[in-house]
Amino acid sequence: MPAFAILAAFAASLIVNSTTSARWKKQCVKVAAPLGFILSTLVVLEVLRPFLPIATSVTPLAEMRGWAGFAQVVDQRRKASSAAWVATLSYTETGQLAFQLDHIAPVIQIDQRMRYVFAPEPDPALINSAGLLVAPASKAEAYRSRMKNCNVQFEPLGTLDRTASGVPLETYALFRITGAKLEPSL
């Protein structure tokens with residue numbers, strides 16, 4: 001989006017500062033508003049309902065898609081594994097799952113706790129109970145190796161794909177964890 005604004009400003013400066021004829025300037029002014037409206041509408045439509053032939057998984061909007069269905073399956077897996085809460089490793093997963101699972105299950109990011117210094121600390125009894133760790137498959141093993149010295153027990157529960165319109169966006173590893181240790185907030 002910033003590229004459009006920069007190009008628009010550049011075009012405007014060319015029109016204002018150029019020595020072109022008054023007729024050319026009038027034509028550009030007549031076209032600018034409708035063209036801007038059409039392009040803005042197309043961008044909004046692409047955000048709401050993708051129609052361009054671009055793979056869904058490679059657009060920057062991929063992080064915003066597929067969370068509702070993914071969260072439902074995560075909650076089913078949480079219940080099936082007798083986990084009381086959902087653990088995450090990133091701000092994106094925490095925010096999206098917390099929004100989708102609001103009033104269903106607590107979602108707590110177990111690392112980078114500095115982000116949540118403003119929030120009350122999670123109930124220690126909850127953290128001491130079993131949780132379901134949902135993490136991008138690429139990060140899950142690194143976290144698991146970091147936690148070896150903290151007596152955290154990991155039980156692998158497989159993987160789960162987050163999809164949008166049938167297109168896989170990201171694969172997540174699921175673990176039933178006990179004895180989780182939160183990084184300190186400060």
# chains A, B, ... in the order shown; residues from 1 in each chain; ligands from 1
$ residues_around --residues "range 59-70 of chain A" --least-positions-apart "5" --cutoff "12 Å" --atoms "only C-alpha atoms" --output "PyMOL selection string"
chain A and resi 1+43-44+46-50+52-54+75-77+91-102+134+159-172
$ residues_around --residues "Tyr143 in chain A" --least-positions-apart "2" --cutoff "12 Å" --atoms "only C-alpha atoms" --output "list of chain:residue names"
A:Ala87, A:Thr88, A:Leu89, A:Ser90, A:Ile110, A:Asp111, A:Leu133, A:Val134, A:Ala135, A:Pro136, A:Ala137, A:Ser138, A:Lys139, A:Ala140, A:Glu141, A:Ser145, A:Arg146, A:Met147, A:Lys148, A:Asn149, A:Cys150, A:Val152, A:Phe154, A:Ala173, A:Phe175, A:Ile177, A:Ala180, A:Lys181
$ closest_residue --among "A:Leu174, A:Ile38, A:Val29, A:Leu182" --to "Pro124 in chain A" --atoms "only C-alpha atoms"
A:Leu182
$ select_by_dssp --residues "range 61-164 of chain A" --states "helix (DSSP H, G or I)" --output "PyMOL selection string"
chain A and resi 61-64+67-80+91-100+113-116+124-128+137-146+148-150
$ closest_residue --among "A:Ser40, A:Ala11, A:Ala83, A:Gln27" --to "Ala130 in chain A" --atoms "only C-alpha atoms"
A:Ala83
$ select_by_dssp --residues "range 30-141 of chain A" --states "strand (DSSP E or B)" --output "MDAnalysis selection string"
chainID A and resid 85:88 107:109 131:136
$ atom_distance --atom1 "CA of Pro120 in chain A" --atom2 "CA of Gly179 in chain A"
20.0 Å
$ residues_around --residues "Lys79 in chain A" --least-positions-apart "3" --cutoff "12 Å" --atoms "only C-alpha atoms" --output "ChimeraX atom specification"
/A:72-76,82-86,104-105,130-132,176
$ write_last_selection --atoms "C-alpha atoms" --output "compact mmCIF listing (two decimals), in the first residue's frame"
# COMPACT_ATOMS: atom_id res chain seq x y z
CA GLN A 72 -11.89 -25.29 16.17
CA VAL A 73 -9.63 -28.25 15.43
CA VAL A 74 -7.07 -27.04 18.00
CA ASP A 75 -9.82 -26.93 20.62
CA GLN A 76 -10.96 -30.44 19.69
CA SER A 82 -7.18 -33.41 28.39
CA ALA A 83 -5.28 -30.12 28.19
CA ALA A 84 -6.64 -27.18 30.19
CA TRP A 85 -5.03 -24.44 28.11
CA VAL A 86 -3.32 -23.68 24.81
CA ILE A 104 -13.47 -21.39 25.41
CA ALA A 105 -9.86 -21.98 26.49
CA ALA A 130 -1.50 -30.01 31.08
CA GLY A 131 -1.45 -27.69 28.08
CA LEU A 132 -1.53 -28.07 24.33
CA ARG A 176 0.72 -32.12 25.12
$ atom_distance --atom1 "CA of Leu42 in chain A" --atom2 "CA of Lys30 in chain A"
19.6 Å
$ closest_residue --among "A:Ala22, A:Leu157, A:Ala8, A:Phe51" --to "Leu35 in chain A" --atoms "only C-alpha atoms"
A:Ala8
$ decode --residues "range 126-145 of chain A" --atoms "N, CA, C and O atoms" --output "PDB file, in the first residue's frame"
ATOM      1  N   LEU A 126      -3.094 -23.172  36.561  1.00  0.00           N
ATOM      2  CA  LEU A 126      -3.392 -23.457  35.154  1.00  0.00           C
ATOM      3  C   LEU A 126      -2.127 -23.879  34.426  1.00  0.00           C
ATOM      4  O   LEU A 126      -2.112 -24.878  33.703  1.00  0.00           O
ATOM      5  N   ILE A 127      -1.050 -23.135  34.627  1.00  0.00           N
ATOM      6  CA  ILE A 127       0.218 -23.443  33.949  1.00  0.00           C
ATOM      7  C   ILE A 127       0.755 -24.803  34.392  1.00  0.00           C
ATOM      8  O   ILE A 127       1.356 -25.527  33.600  1.00  0.00           O
ATOM      9  N   ASN A 128       0.519 -25.171  35.632  1.00  0.00           N
ATOM     10  CA  ASN A 128       0.983 -26.468  36.133  1.00  0.00           C
ATOM     11  C   ASN A 128       0.149 -27.633  35.613  1.00  0.00           C
ATOM     12  O   ASN A 128       0.560 -28.779  35.719  1.00  0.00           O
ATOM     13  N   SER A 129      -1.025 -27.343  35.079  1.00  0.00           N
ATOM     14  CA  SER A 129      -1.842 -28.408  34.495  1.00  0.00           C
ATOM     15  C   SER A 129      -1.376 -28.641  33.057  1.00  0.00           C
ATOM     16  O   SER A 129      -0.580 -27.889  32.509  1.00  0.00           O
ATOM     17  N   ALA A 130      -1.900 -29.677  32.449  1.00  0.00           N
ATOM     18  CA  ALA A 130      -1.496 -30.011  31.082  1.00  0.00           C
ATOM     19  C   ALA A 130      -1.958 -28.931  30.108  1.00  0.00           C
ATOM     20  O   ALA A 130      -3.038 -28.352  30.262  1.00  0.00           O
ATOM     21  N   GLY A 131      -1.120 -28.655  29.127  1.00  0.00           N
ATOM     22  CA  GLY A 131      -1.450 -27.695  28.084  1.00  0.00           C
ATOM     23  C   GLY A 131      -1.199 -28.291  26.711  1.00  0.00           C
ATOM     24  O   GLY A 131      -0.535 -29.320  26.578  1.00  0.00           O
ATOM     25  N   LEU A 132      -1.757 -27.658  25.705  1.00  0.00           N
ATOM     26  CA  LEU A 132      -1.532 -28.075  24.326  1.00  0.00           C
ATOM     27  C   LEU A 132      -0.669 -27.020  23.658  1.00  0.00           C
ATOM     28  O   LEU A 132      -1.103 -25.880  23.476  1.00  0.00           O
ATOM     29  N   LEU A 133       0.571 -27.383  23.334  1.00  0.00           N
ATOM     30  CA  LEU A 133       1.471 -26.464  22.653  1.00  0.00           C
ATOM     31  C   LEU A 133       1.194 -26.511  21.158  1.00  0.00           C
ATOM     32  O   LEU A 133       1.220 -27.567  20.538  1.00  0.00           O
ATOM     33  N   VAL A 134       0.873 -25.342  20.600  1.00  0.00           N
ATOM     34  CA  VAL A 134       0.634 -25.187  19.166  1.00  0.00           C
ATOM     35  C   VAL A 134       1.719 -24.255  18.650  1.00  0.00           C
ATOM     36  O   VAL A 134       1.773 -23.094  19.042  1.00  0.00           O
ATOM     37  N   ALA A 135       2.579 -24.777  17.799  1.00  0.00           N
ATOM     38  CA  ALA A 135       3.697 -23.970  17.307  1.00  0.00           C
ATOM     39  C   ALA A 135       4.005 -24.335  15.869  1.00  0.00           C
ATOM     40  O   ALA A 135       3.837 -25.491  15.476  1.00  0.00           O
ATOM     41  N   PRO A 136       4.445 -23.346  15.083  1.00  0.00           N
ATOM     42  CA  PRO A 136       4.885 -23.695  13.732  1.00  0.00           C
ATOM     43  C   PRO A 136       5.877 -24.845  13.820  1.00  0.00           C
ATOM     44  O   PRO A 136       6.762 -24.849  14.690  1.00  0.00           O
ATOM     45  N   ALA A 137       5.715 -25.816  12.961  1.00  0.00           N
ATOM     46  CA  ALA A 137       6.550 -27.018  13.028  1.00  0.00           C
ATOM     47  C   ALA A 137       8.034 -26.675  13.036  1.00  0.00           C
ATOM     48  O   ALA A 137       8.819 -27.335  13.718  1.00  0.00           O
ATOM     49  N   SER A 138       8.419 -25.621  12.340  1.00  0.00           N
ATOM     50  CA  SER A 138       9.830 -25.246  12.277  1.00  0.00           C
ATOM     51  C   SER A 138      10.355 -24.730  13.617  1.00  0.00           C
ATOM     52  O   SER A 138      11.539 -24.848  13.904  1.00  0.00           O
ATOM     53  N   LYS A 139       9.495 -24.155  14.472  1.00  0.00           N
ATOM     54  CA  LYS A 139       9.933 -23.610  15.757  1.00  0.00           C
ATOM     55  C   LYS A 139       9.753 -24.591  16.910  1.00  0.00           C
ATOM     56  O   LYS A 139      10.393 -24.450  17.940  1.00  0.00           O
ATOM     57  N   ALA A 140       8.885 -25.558  16.763  1.00  0.00           N
ATOM     58  CA  ALA A 140       8.535 -26.429  17.881  1.00  0.00           C
ATOM     59  C   ALA A 140       9.720 -27.238  18.388  1.00  0.00           C
ATOM     60  O   ALA A 140       9.941 -27.346  19.594  1.00  0.00           O
ATOM     61  N   GLU A 141      10.498 -27.794  17.495  1.00  0.00           N
ATOM     62  CA  GLU A 141      11.644 -28.609  17.930  1.00  0.00           C
ATOM     63  C   GLU A 141      12.712 -27.754  18.604  1.00  0.00           C
ATOM     64  O   GLU A 141      13.340 -28.191  19.561  1.00  0.00           O
ATOM     65  N   ALA A 142      12.920 -26.551  18.129  1.00  0.00           N
ATOM     66  CA  ALA A 142      13.897 -25.659  18.762  1.00  0.00           C
ATOM     67  C   ALA A 142      13.457 -25.335  20.187  1.00  0.00           C
ATOM     68  O   ALA A 142      14.275 -25.336  21.112  1.00  0.00           O
ATOM     69  N   TYR A 143      12.182 -25.068  20.372  1.00  0.00           N
ATOM     70  CA  TYR A 143      11.672 -24.786  21.719  1.00  0.00           C
ATOM     71  C   TYR A 143      11.811 -26.022  22.590  1.00  0.00           C
ATOM     72  O   TYR A 143      12.248 -25.936  23.735  1.00  0.00           O
ATOM     73  N   ARG A 144      11.477 -27.155  22.050  1.00  0.00           N
ATOM     74  CA  ARG A 144      11.566 -28.410  22.815  1.00  0.00           C
ATOM     75  C   ARG A 144      13.000 -28.649  23.291  1.00  0.00           C
ATOM     76  O   ARG A 144      13.227 -29.027  24.432  1.00  0.00           O
ATOM     77  N   SER A 145      13.980 -28.386  22.436  1.00  0.00           N
ATOM     78  CA  SER A 145      15.369 -28.586  22.842  1.00  0.00           C
ATOM     79  C   SER A 145      15.795 -27.556  23.896  1.00  0.00           C
ATOM     80  O   SER A 145      16.581 -27.871  24.782  1.00  0.00           O
TER      81      SER A 145
END
